[in-house]
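This is start10.txt. It holds compact mmCIF, N, CA and C atoms.
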```
# COMPACT_ATOMS: atom_id res chain seq x y z
N MET Y 1 56.26 -127.59 -79.12
CA MET Y 1 55.19 -127.88 -78.21
C MET Y 1 54.56 -126.56 -77.77
N THR Y 2 53.27 -126.49 -77.77
CA THR Y 2 52.57 -125.27 -77.40
C THR Y 2 52.02 -125.40 -75.99
N ASN Y 3 51.87 -124.29 -75.39
CA ASN Y 3 51.32 -124.24 -74.04
C ASN Y 3 49.81 -124.13 -74.16
N THR Y 4 49.11 -125.11 -73.64
CA THR Y 4 47.65 -125.09 -73.70
C THR Y 4 47.11 -124.80 -72.32
N ASN Y 5 46.97 -123.55 -72.05
CA ASN Y 5 46.42 -123.11 -70.77
C ASN Y 5 44.91 -123.06 -70.90
N THR Y 6 44.23 -123.93 -70.16
CA THR Y 6 42.78 -124.02 -70.27
C THR Y 6 42.06 -123.00 -69.40
N SER Y 7 42.79 -122.33 -68.55
CA SER Y 7 42.17 -121.35 -67.67
C SER Y 7 41.93 -120.06 -68.44
N SER Y 8 40.69 -119.60 -68.43
CA SER Y 8 40.36 -118.39 -69.17
C SER Y 8 40.44 -117.14 -68.29
N THR Y 9 40.48 -117.33 -66.97
CA THR Y 9 40.56 -116.18 -66.08
C THR Y 9 42.02 -115.86 -65.79
N PRO Y 10 42.41 -114.61 -65.92
CA PRO Y 10 43.80 -114.25 -65.65
C PRO Y 10 44.08 -114.31 -64.15
N ARG Y 11 45.29 -114.69 -63.81
CA ARG Y 11 45.68 -114.72 -62.41
C ARG Y 11 45.93 -113.30 -61.93
N PRO Y 12 45.50 -112.99 -60.72
CA PRO Y 12 45.76 -111.65 -60.20
C PRO Y 12 47.26 -111.45 -59.97
N SER Y 13 47.71 -110.24 -60.16
CA SER Y 13 49.12 -109.96 -59.94
C SER Y 13 49.42 -110.00 -58.45
N LEU Y 14 50.68 -110.17 -58.15
CA LEU Y 14 51.08 -110.23 -56.75
C LEU Y 14 51.13 -108.82 -56.15
N PRO Y 15 50.76 -108.70 -54.89
CA PRO Y 15 50.78 -107.39 -54.23
C PRO Y 15 52.18 -107.04 -53.74
N TRP Y 16 53.03 -106.55 -54.64
CA TRP Y 16 54.44 -106.32 -54.33
C TRP Y 16 54.64 -105.31 -53.21
N LEU Y 17 53.83 -104.27 -53.16
CA LEU Y 17 53.99 -103.29 -52.08
C LEU Y 17 53.66 -103.92 -50.72
N LEU Y 18 52.66 -104.78 -50.69
CA LEU Y 18 52.33 -105.49 -49.46
C LEU Y 18 53.47 -106.42 -49.05
N ILE Y 19 54.03 -107.12 -50.03
CA ILE Y 19 55.15 -108.03 -49.74
C ILE Y 19 56.32 -107.24 -49.14
N LEU Y 20 56.64 -106.11 -49.74
CA LEU Y 20 57.73 -105.28 -49.21
C LEU Y 20 57.38 -104.72 -47.83
N GLY Y 21 56.13 -104.31 -47.67
CA GLY Y 21 55.72 -103.77 -46.37
C GLY Y 21 55.79 -104.81 -45.26
N LEU Y 22 55.29 -106.01 -45.53
CA LEU Y 22 55.33 -107.05 -44.52
C LEU Y 22 56.75 -107.52 -44.24
N SER Y 23 57.59 -107.52 -45.26
CA SER Y 23 58.98 -107.95 -45.03
C SER Y 23 59.75 -106.91 -44.22
N SER Y 24 59.25 -105.69 -44.17
CA SER Y 24 59.92 -104.65 -43.38
C SER Y 24 59.84 -104.93 -41.88
N LEU Y 25 59.02 -105.90 -41.48
CA LEU Y 25 58.99 -106.27 -40.07
C LEU Y 25 60.32 -106.85 -39.60
N SER Y 26 61.19 -107.21 -40.55
CA SER Y 26 62.52 -107.67 -40.16
C SER Y 26 63.32 -106.55 -39.50
N LEU Y 27 62.86 -105.32 -39.63
CA LEU Y 27 63.51 -104.20 -38.94
C LEU Y 27 63.35 -104.30 -37.42
N LEU Y 28 62.44 -105.16 -36.97
CA LEU Y 28 62.29 -105.36 -35.53
C LEU Y 28 63.56 -105.97 -34.92
N TRP Y 29 64.30 -106.76 -35.71
CA TRP Y 29 65.52 -107.38 -35.17
C TRP Y 29 66.55 -106.36 -34.72
N PRO Y 30 66.96 -105.43 -35.59
CA PRO Y 30 67.96 -104.48 -35.11
C PRO Y 30 67.40 -103.49 -34.08
N LEU Y 31 66.11 -103.16 -34.20
CA LEU Y 31 65.52 -102.24 -33.22
C LEU Y 31 65.55 -102.83 -31.83
N THR Y 32 65.20 -104.10 -31.72
CA THR Y 32 65.22 -104.74 -30.40
C THR Y 32 66.64 -105.02 -29.94
N ALA Y 33 67.56 -105.24 -30.88
CA ALA Y 33 68.96 -105.44 -30.50
C ALA Y 33 69.57 -104.15 -29.95
N LEU Y 34 69.26 -103.05 -30.58
CA LEU Y 34 69.82 -101.77 -30.16
C LEU Y 34 69.21 -101.25 -28.87
N THR Y 35 67.92 -101.52 -28.67
CA THR Y 35 67.23 -100.97 -27.50
C THR Y 35 67.19 -101.92 -26.32
N GLY Y 36 67.40 -103.20 -26.55
CA GLY Y 36 67.32 -104.18 -25.48
C GLY Y 36 65.89 -104.61 -25.16
N ILE Y 37 64.93 -104.10 -25.91
CA ILE Y 37 63.54 -104.50 -25.70
C ILE Y 37 63.38 -105.95 -26.14
N ALA Y 38 62.55 -106.69 -25.46
CA ALA Y 38 62.23 -108.09 -25.75
C ALA Y 38 63.33 -109.04 -25.35
N GLY Y 39 64.28 -108.60 -24.57
CA GLY Y 39 65.30 -109.51 -24.06
C GLY Y 39 66.30 -109.93 -25.12
N GLU Y 40 66.84 -111.14 -24.92
CA GLU Y 40 67.82 -111.68 -25.85
C GLU Y 40 67.53 -113.14 -26.13
N GLY Y 41 68.18 -113.67 -27.13
CA GLY Y 41 68.12 -115.09 -27.42
C GLY Y 41 66.75 -115.55 -27.88
N ARG Y 42 66.36 -116.71 -27.33
CA ARG Y 42 65.10 -117.34 -27.75
C ARG Y 42 63.87 -116.50 -27.43
N THR Y 43 63.88 -115.85 -26.29
CA THR Y 43 62.73 -115.03 -25.93
C THR Y 43 62.48 -113.96 -26.98
N ARG Y 44 63.54 -113.28 -27.35
CA ARG Y 44 63.44 -112.24 -28.38
C ARG Y 44 62.98 -112.82 -29.70
N ALA Y 45 63.53 -113.97 -30.08
CA ALA Y 45 63.15 -114.61 -31.34
C ALA Y 45 61.68 -114.99 -31.35
N PHE Y 46 61.19 -115.58 -30.27
CA PHE Y 46 59.78 -115.97 -30.21
C PHE Y 46 58.86 -114.76 -30.27
N ILE Y 47 59.23 -113.69 -29.59
CA ILE Y 47 58.40 -112.49 -29.59
C ILE Y 47 58.34 -111.89 -30.99
N ILE Y 48 59.49 -111.71 -31.63
CA ILE Y 48 59.52 -111.08 -32.95
C ILE Y 48 58.85 -111.97 -33.99
N LEU Y 49 59.15 -113.27 -33.97
CA LEU Y 49 58.51 -114.17 -34.94
C LEU Y 49 57.01 -114.25 -34.70
N GLY Y 50 56.60 -114.23 -33.44
CA GLY Y 50 55.17 -114.25 -33.14
C GLY Y 50 54.45 -113.01 -33.64
N ILE Y 51 55.04 -111.85 -33.39
CA ILE Y 51 54.45 -110.60 -33.87
C ILE Y 51 54.38 -110.61 -35.39
N SER Y 52 55.47 -111.00 -36.04
CA SER Y 52 55.50 -111.03 -37.50
C SER Y 52 54.45 -112.00 -38.06
N ALA Y 53 54.36 -113.18 -37.47
CA ALA Y 53 53.41 -114.18 -37.96
C ALA Y 53 51.97 -113.71 -37.82
N VAL Y 54 51.64 -113.12 -36.68
CA VAL Y 54 50.28 -112.63 -36.47
C VAL Y 54 49.93 -111.54 -37.47
N ILE Y 55 50.87 -110.62 -37.68
CA ILE Y 55 50.61 -109.54 -38.63
C ILE Y 55 50.50 -110.08 -40.06
N TRP Y 56 51.41 -110.98 -40.46
CA TRP Y 56 51.36 -111.55 -41.81
C TRP Y 56 50.05 -112.29 -42.04
N ILE Y 57 49.71 -113.21 -41.13
CA ILE Y 57 48.51 -114.03 -41.30
C ILE Y 57 47.26 -113.17 -41.24
N GLY Y 58 47.20 -112.26 -40.29
CA GLY Y 58 46.04 -111.39 -40.17
C GLY Y 58 45.84 -110.49 -41.37
N THR Y 59 46.92 -109.89 -41.84
CA THR Y 59 46.82 -108.97 -42.97
C THR Y 59 46.41 -109.70 -44.24
N VAL Y 60 47.07 -110.81 -44.54
CA VAL Y 60 46.78 -111.53 -45.78
C VAL Y 60 45.48 -112.32 -45.66
N GLY Y 61 45.24 -112.92 -44.51
CA GLY Y 61 44.04 -113.73 -44.33
C GLY Y 61 42.77 -112.91 -44.29
N LEU Y 62 42.77 -111.85 -43.52
CA LEU Y 62 41.58 -111.02 -43.39
C LEU Y 62 41.47 -109.98 -44.50
N GLY Y 63 42.59 -109.71 -45.17
CA GLY Y 63 42.61 -108.72 -46.23
C GLY Y 63 42.22 -109.26 -47.59
N ARG Y 64 41.86 -110.52 -47.66
CA ARG Y 64 41.45 -111.15 -48.92
C ARG Y 64 42.50 -110.98 -50.01
N VAL Y 65 43.75 -111.11 -49.64
CA VAL Y 65 44.85 -110.99 -50.60
C VAL Y 65 44.87 -112.24 -51.48
N PRO Y 66 44.95 -112.08 -52.80
CA PRO Y 66 45.00 -113.24 -53.67
C PRO Y 66 46.32 -113.99 -53.53
N ARG Y 67 46.26 -115.30 -53.74
CA ARG Y 67 47.44 -116.17 -53.70
C ARG Y 67 48.24 -116.01 -52.41
N PRO Y 68 47.61 -116.31 -51.26
CA PRO Y 68 48.25 -116.04 -49.97
C PRO Y 68 49.53 -116.84 -49.73
N ILE Y 69 49.59 -118.07 -50.20
CA ILE Y 69 50.78 -118.88 -49.94
C ILE Y 69 51.98 -118.31 -50.70
N LEU Y 70 51.80 -118.02 -51.97
CA LEU Y 70 52.89 -117.43 -52.75
C LEU Y 70 53.27 -116.05 -52.22
N THR Y 71 52.27 -115.27 -51.87
CA THR Y 71 52.53 -113.92 -51.36
C THR Y 71 53.40 -113.97 -50.10
N LEU Y 72 53.03 -114.83 -49.15
CA LEU Y 72 53.80 -114.88 -47.90
C LEU Y 72 55.11 -115.64 -48.05
N THR Y 73 55.21 -116.55 -49.00
CA THR Y 73 56.50 -117.19 -49.27
C THR Y 73 57.49 -116.15 -49.79
N LEU Y 74 57.04 -115.32 -50.73
CA LEU Y 74 57.91 -114.25 -51.23
C LEU Y 74 58.20 -113.21 -50.15
N THR Y 75 57.24 -112.99 -49.26
CA THR Y 75 57.47 -112.09 -48.13
C THR Y 75 58.57 -112.65 -47.24
N GLY Y 76 58.54 -113.96 -47.02
CA GLY Y 76 59.60 -114.59 -46.22
C GLY Y 76 60.97 -114.45 -46.84
N VAL Y 77 61.05 -114.61 -48.16
CA VAL Y 77 62.34 -114.45 -48.85
C VAL Y 77 62.81 -113.00 -48.75
N ALA Y 78 61.90 -112.05 -48.97
CA ALA Y 78 62.27 -110.64 -48.86
C ALA Y 78 62.68 -110.29 -47.43
N TYR Y 79 61.98 -110.85 -46.46
CA TYR Y 79 62.32 -110.69 -45.05
C TYR Y 79 63.75 -111.16 -44.81
N GLY Y 80 64.10 -112.31 -45.40
CA GLY Y 80 65.45 -112.85 -45.26
C GLY Y 80 66.50 -111.96 -45.89
N PHE Y 81 66.20 -111.38 -47.06
CA PHE Y 81 67.15 -110.47 -47.70
C PHE Y 81 67.36 -109.23 -46.85
N VAL Y 82 66.28 -108.68 -46.32
CA VAL Y 82 66.41 -107.49 -45.47
C VAL Y 82 67.23 -107.84 -44.23
N ALA Y 83 66.96 -108.99 -43.63
CA ALA Y 83 67.71 -109.43 -42.45
C ALA Y 83 69.18 -109.63 -42.80
N LEU Y 84 69.47 -110.13 -43.99
CA LEU Y 84 70.85 -110.32 -44.42
C LEU Y 84 71.59 -108.99 -44.49
N VAL Y 85 70.95 -108.00 -45.08
CA VAL Y 85 71.56 -106.68 -45.18
C VAL Y 85 71.75 -106.10 -43.78
N LEU Y 86 70.74 -106.24 -42.95
CA LEU Y 86 70.82 -105.69 -41.59
C LEU Y 86 71.92 -106.38 -40.77
N ALA Y 87 72.14 -107.67 -41.01
CA ALA Y 87 73.17 -108.40 -40.27
C ALA Y 87 74.55 -107.82 -40.56
N GLY Y 88 74.74 -107.30 -41.77
CA GLY Y 88 76.01 -106.69 -42.10
C GLY Y 88 76.16 -105.28 -41.55
N LEU Y 89 75.05 -104.65 -41.20
CA LEU Y 89 75.09 -103.26 -40.74
C LEU Y 89 74.98 -103.11 -39.23
N VAL Y 90 74.16 -103.95 -38.60
CA VAL Y 90 73.85 -103.79 -37.18
C VAL Y 90 74.14 -105.09 -36.45
N PRO Y 91 74.97 -105.06 -35.41
CA PRO Y 91 75.19 -106.29 -34.64
C PRO Y 91 73.89 -106.79 -34.02
N GLY Y 92 73.59 -108.06 -34.20
CA GLY Y 92 72.37 -108.64 -33.66
C GLY Y 92 71.15 -108.39 -34.51
N GLY Y 93 71.31 -107.81 -35.68
CA GLY Y 93 70.18 -107.46 -36.52
C GLY Y 93 69.86 -108.48 -37.59
N GLY Y 94 70.47 -109.66 -37.53
CA GLY Y 94 70.35 -110.63 -38.61
C GLY Y 94 69.16 -111.55 -38.55
N GLY Y 95 68.36 -111.52 -37.52
CA GLY Y 95 67.18 -112.36 -37.49
C GLY Y 95 67.41 -113.66 -36.76
N PRO Y 96 66.39 -114.53 -36.79
CA PRO Y 96 66.42 -115.72 -35.95
C PRO Y 96 67.30 -116.84 -36.46
N PHE Y 97 67.77 -116.79 -37.68
CA PHE Y 97 68.49 -117.91 -38.25
C PHE Y 97 70.00 -117.71 -38.21
N GLY Y 98 70.45 -116.96 -37.25
CA GLY Y 98 71.88 -116.85 -37.00
C GLY Y 98 72.59 -115.87 -37.89
N ASP Y 99 73.90 -116.04 -37.91
CA ASP Y 99 74.76 -115.14 -38.68
C ASP Y 99 74.68 -115.51 -40.15
N THR Y 100 74.06 -114.66 -40.93
CA THR Y 100 73.93 -114.92 -42.37
C THR Y 100 74.91 -114.08 -43.17
N THR Y 101 75.98 -113.63 -42.50
CA THR Y 101 76.95 -112.81 -43.21
C THR Y 101 77.92 -113.64 -44.03
N THR Y 102 77.98 -114.94 -43.80
CA THR Y 102 78.84 -115.79 -44.62
C THR Y 102 78.03 -116.33 -45.78
N LEU Y 103 78.69 -116.46 -46.91
CA LEU Y 103 78.01 -116.84 -48.14
C LEU Y 103 77.37 -118.22 -48.06
N TRP Y 104 78.02 -119.17 -47.40
CA TRP Y 104 77.50 -120.53 -47.36
C TRP Y 104 76.21 -120.63 -46.55
N SER Y 105 75.96 -119.68 -45.67
CA SER Y 105 74.73 -119.73 -44.87
C SER Y 105 73.59 -118.96 -45.50
N LEU Y 106 73.83 -118.29 -46.61
CA LEU Y 106 72.81 -117.48 -47.26
C LEU Y 106 71.63 -118.31 -47.75
N ILE Y 107 71.88 -119.37 -48.51
CA ILE Y 107 70.81 -120.18 -49.08
C ILE Y 107 69.96 -120.86 -48.00
N PRO Y 108 70.58 -121.53 -46.99
CA PRO Y 108 69.74 -122.12 -45.95
C PRO Y 108 68.90 -121.09 -45.17
N ALA Y 109 69.47 -119.92 -44.93
CA ALA Y 109 68.72 -118.88 -44.20
C ALA Y 109 67.54 -118.40 -45.02
N LEU Y 110 67.74 -118.17 -46.32
CA LEU Y 110 66.63 -117.73 -47.18
C LEU Y 110 65.59 -118.84 -47.33
N ALA Y 111 66.05 -120.09 -47.40
CA ALA Y 111 65.10 -121.22 -47.49
C ALA Y 111 64.27 -121.32 -46.22
N ALA Y 112 64.90 -121.11 -45.06
CA ALA Y 112 64.16 -121.15 -43.80
C ALA Y 112 63.13 -120.03 -43.74
N ASN Y 113 63.51 -118.84 -44.18
CA ASN Y 113 62.56 -117.72 -44.22
C ASN Y 113 61.43 -117.99 -45.19
N ALA Y 114 61.74 -118.60 -46.34
CA ALA Y 114 60.69 -118.94 -47.31
C ALA Y 114 59.74 -119.98 -46.72
N ALA Y 115 60.29 -120.95 -45.98
CA ALA Y 115 59.44 -121.98 -45.36
C ALA Y 115 58.52 -121.38 -44.31
N VAL Y 116 59.04 -120.46 -43.51
CA VAL Y 116 58.20 -119.79 -42.52
C VAL Y 116 57.10 -119.00 -43.22
N GLY Y 117 57.45 -118.33 -44.31
CA GLY Y 117 56.46 -117.59 -45.09
C GLY Y 117 55.40 -118.50 -45.68
N ALA Y 118 55.82 -119.67 -46.19
CA ALA Y 118 54.86 -120.62 -46.77
C ALA Y 118 53.91 -121.14 -45.71
N LEU Y 119 54.42 -121.44 -44.52
CA LEU Y 119 53.54 -121.89 -43.43
C LEU Y 119 52.56 -120.80 -43.02
N ALA Y 120 53.04 -119.58 -42.97
CA ALA Y 120 52.14 -118.46 -42.66
C ALA Y 120 51.11 -118.30 -43.78
N GLY Y 121 51.53 -118.53 -45.02
CA GLY Y 121 50.60 -118.47 -46.15
C GLY Y 121 49.51 -119.52 -46.07
N LEU Y 122 49.89 -120.72 -45.64
CA LEU Y 122 48.88 -121.78 -45.45
C LEU Y 122 47.87 -121.37 -44.37
N ALA Y 123 48.38 -120.79 -43.29
CA ALA Y 123 47.48 -120.33 -42.22
C ALA Y 123 46.58 -119.21 -42.72
N ALA Y 124 47.15 -118.29 -43.51
CA ALA Y 124 46.35 -117.18 -44.05
C ALA Y 124 45.29 -117.69 -45.02
N ALA Y 125 45.63 -118.71 -45.81
CA ALA Y 125 44.64 -119.31 -46.71
C ALA Y 125 43.51 -119.93 -45.91
N GLY Y 126 43.84 -120.55 -44.78
CA GLY Y 126 42.82 -121.10 -43.90
C GLY Y 126 41.93 -120.01 -43.32
N VAL Y 127 42.52 -118.90 -42.92
CA VAL Y 127 41.74 -117.77 -42.41
C VAL Y 127 40.81 -117.24 -43.50
N GLN Y 128 41.31 -117.16 -44.73
CA GLN Y 128 40.47 -116.69 -45.83
C GLN Y 128 39.28 -117.62 -46.04
N ARG Y 129 39.52 -118.93 -45.98
CA ARG Y 129 38.41 -119.89 -46.16
C ARG Y 129 37.40 -119.78 -45.03
N LEU Y 130 37.89 -119.66 -43.80
CA LEU Y 130 36.97 -119.51 -42.67
C LEU Y 130 36.15 -118.23 -42.79
N ALA Y 131 36.80 -117.15 -43.20
CA ALA Y 131 36.08 -115.89 -43.36
C ALA Y 131 35.04 -115.99 -44.48
N LYS Y 132 35.39 -116.69 -45.54
CA LYS Y 132 34.44 -116.88 -46.66
C LYS Y 132 33.25 -117.71 -46.20
N LEU Y 133 33.50 -118.75 -45.43
CA LEU Y 133 32.39 -119.57 -44.90
C LEU Y 133 31.52 -118.74 -43.96
N ALA Y 134 32.13 -117.90 -43.16
CA ALA Y 134 31.35 -117.06 -42.24
C ALA Y 134 30.50 -116.06 -43.01
N ARG Y 135 31.04 -115.49 -44.08
CA ARG Y 135 30.27 -114.56 -44.89
C ARG Y 135 29.12 -115.29 -45.60
N ALA Y 136 29.38 -116.52 -46.06
CA ALA Y 136 28.33 -117.29 -46.71
C ALA Y 136 27.23 -117.66 -45.72
N GLY Y 137 27.61 -117.93 -44.49
CA GLY Y 137 26.62 -118.24 -43.46
C GLY Y 137 25.78 -117.03 -43.08
N ASP Y 138 26.37 -115.84 -43.14
CA ASP Y 138 25.64 -114.61 -42.82
C ASP Y 138 24.65 -114.24 -43.91
N ASP Y 139 24.90 -114.69 -45.14
CA ASP Y 139 24.03 -114.35 -46.26
C ASP Y 139 22.72 -115.14 -46.26
N ARG Y 140 22.65 -116.16 -45.45
CA ARG Y 140 21.45 -116.99 -45.44
C ARG Y 140 20.29 -116.33 -44.81
```
What would you get if you wrote out this structure as structure tokens?
Amino acid sequence: MTNTNTSSTPRPSLPWLLILGLSSLSLLWPLTALTGIAGEGRTRAFIILGISAVIWIGTVGLGRVPRPILTLTLTGVAYGFVALVLAGLVPGGGGPFGDTTTLWSLIPALAANAAVGALAGLAAAGVQRLAKLARAGDDR
């Protein structure tokens, strides 16, 4: 069986440096744990997740990044991997999905991070569409 790809335009490659850069926001977890900034528990989680979401959506949505949903889904997975490593190195550095130092919790934690990334990607795709409509309206 042959693959009959009818699309003649090549898909743009993924912005791997951007994905790595955005996933580095997971470093906020150990920084806030070590310094005590942003409190503890849910307050800290909401602040860090809110900051991360705004930066992810703003950067990808306003930056006209191709394939925003896939880009931010992979960012979420990378964010989870960084948080996993940090959880083993720094107490309280594991992120919002609890202790991911045990093997059985690895897959659900990465899936949760991927889901958060996918939702942020949907929002970024919406921002891109709104920006495109605004640019089209300005051209009139």
For this session: To one decimal in Å, tell me the separation between atom N of Leu84 of chain Y and atom CA of Leu27 of chain Y.
Result: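 Here the two named atoms are 9.8 Å from each other.
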For this session: For a cut-off of 6 Å around (53.4, -114.7, -47.1), file coordinates, pick out all residues using all atoms listed in the file and list them as a list in words.
Result: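 The distance filter leaves exactly Pro68, Ile69, Leu70, Thr71, Leu72, Thr73, Leu74, Thr75, Gly76, Gly117, Ala118, Ala120 and Gly121 of chain Y.
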Output the selection as a compact mmCIF listing (two decimals), keeping the file's coordinate frame - N, CA and C atoms for each residue.
```txt
# COMPACT_ATOMS: atom_id res chain seq x y z
N PRO Y 68 47.61 -116.31 -51.26
CA PRO Y 68 48.25 -116.04 -49.97
C PRO Y 68 49.53 -116.84 -49.73
N ILE Y 69 49.59 -118.07 -50.20
CA ILE Y 69 50.78 -118.88 -49.94
C ILE Y 69 51.98 -118.31 -50.70
N LEU Y 70 51.80 -118.02 -51.97
CA LEU Y 70 52.89 -117.43 -52.75
C LEU Y 70 53.27 -116.05 -52.22
N THR Y 71 52.27 -115.27 -51.87
CA THR Y 71 52.53 -113.92 -51.36
C THR Y 71 53.40 -113.97 -50.10
N LEU Y 72 53.03 -114.83 -49.15
CA LEU Y 72 53.80 -114.88 -47.90
C LEU Y 72 55.11 -115.64 -48.05
N THR Y 73 55.21 -116.55 -49.00
CA THR Y 73 56.50 -117.19 -49.27
C THR Y 73 57.49 -116.15 -49.79
N LEU Y 74 57.04 -115.32 -50.73
CA LEU Y 74 57.91 -114.25 -51.23
C LEU Y 74 58.20 -113.21 -50.15
N THR Y 75 57.24 -112.99 -49.26
CA THR Y 75 57.47 -112.09 -48.13
C THR Y 75 58.57 -112.65 -47.24
N GLY Y 76 58.54 -113.96 -47.02
CA GLY Y 76 59.60 -114.59 -46.22
C GLY Y 76 60.97 -114.45 -46.84
N GLY Y 117 57.45 -118.33 -44.31
CA GLY Y 117 56.46 -117.59 -45.09
C GLY Y 117 55.40 -118.50 -45.68
N ALA Y 118 55.82 -119.67 -46.19
CA ALA Y 118 54.86 -120.62 -46.77
C ALA Y 118 53.91 -121.14 -45.71
N ALA Y 120 53.04 -119.58 -42.97
CA ALA Y 120 52.14 -118.46 -42.66
C ALA Y 120 51.11 -118.30 -43.78
N GLY Y 121 51.53 -118.53 -45.02
CA GLY Y 121 50.60 -118.47 -46.15
C GLY Y 121 49.51 -119.52 -46.07
```
Problem set entry | Selected residue of minimal separation from Val127 of chain Y among Y:Leu34, Y:Ile47, Y:Ile19, Y:Ile57, counting all atoms listed in the file |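 Among the listed residues, the smallest separation from Val127 of chain Y belongs to Y:Ile57.
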Problem set entry | Which of Y:Ala136, Y:Val65, Y:Val60, Y:Val77 sits closest to Ala123 of chain Y [using only C-alpha atoms] |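 Nearest candidate to Ala123 of chain Y out of Y:Ala136, Y:Val65, Y:Val60, Y:Val77: Y:Val60.
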For this session: Between atom C of Ala131 of chain Y and atom C of Pro66 of chain Y, measure the distance and give it in Å to one decimal.
Result: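 About the pair atom C of Ala131 of chain Y and atom C of Pro66 of chain Y: they are 14.6 Å apart.
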Exercise. When you draw a straight line from atom N of Ala87 of chain Y to atom C of Leu22 of chain Y, how long is it in Å?
Worked result: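 Straight-line distance from atom N of Ala87 of chain Y to atom C of Leu22 of chain Y works out to 15.7 Å.
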Problem set entry | Spatial neighbours of segment 48-52 of chain Y, 12 Å, only C-alpha atoms, chain gap at least 3 places, as JSON, numbers by chain | {"Y": [21, 22, 23, 24, 25, 26, 27, 28, 29, 30, 31, 32, 33, 37, 38, 39, 40, 41, 42, 43, 44, 45, 55, 56, 57, 58, 59, 72, 75, 76, 79, 93, 95, 96, 97, 113, 116, 117, 120]}
Exercise. Where does DSSP see helix (DSSP H, G or I) in chain Y, if you list the residues as a PyMOL selection string?
Worked result: chain Y and resi 16-35+41-62+68-89+103-138
Exercise. Hey, which of Y:Thr9, Y:Arg135, Y:Ala53, Y:Leu20 ends up closest to Leu119 of chain Y? Count only C-alpha atoms.
Worked result: Y:Ala53
For this session: Determine the nearest neighbour of Ser13 of chain Y from the options Y:Gly61, Y:Val82, Y:Ala124, Y:Arg67, counting all atoms listed in the file.
Result: Y:Arg67
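You can rank Y:Leu14, Y:Val54, Y:Thr35, Y:Gly63 by their closest distance to Gln128 of chain Y using all atoms listed in the file, and at the top of that list sits Y:Gly63.
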Seminar exercise, completed: Across Y:Ala114, Y:Pro15, Y:Trp104, Y:Ala125, the smallest distance to Ala78 of chain Y, with all atoms listed in the file counted, is shown by Y:Ala114
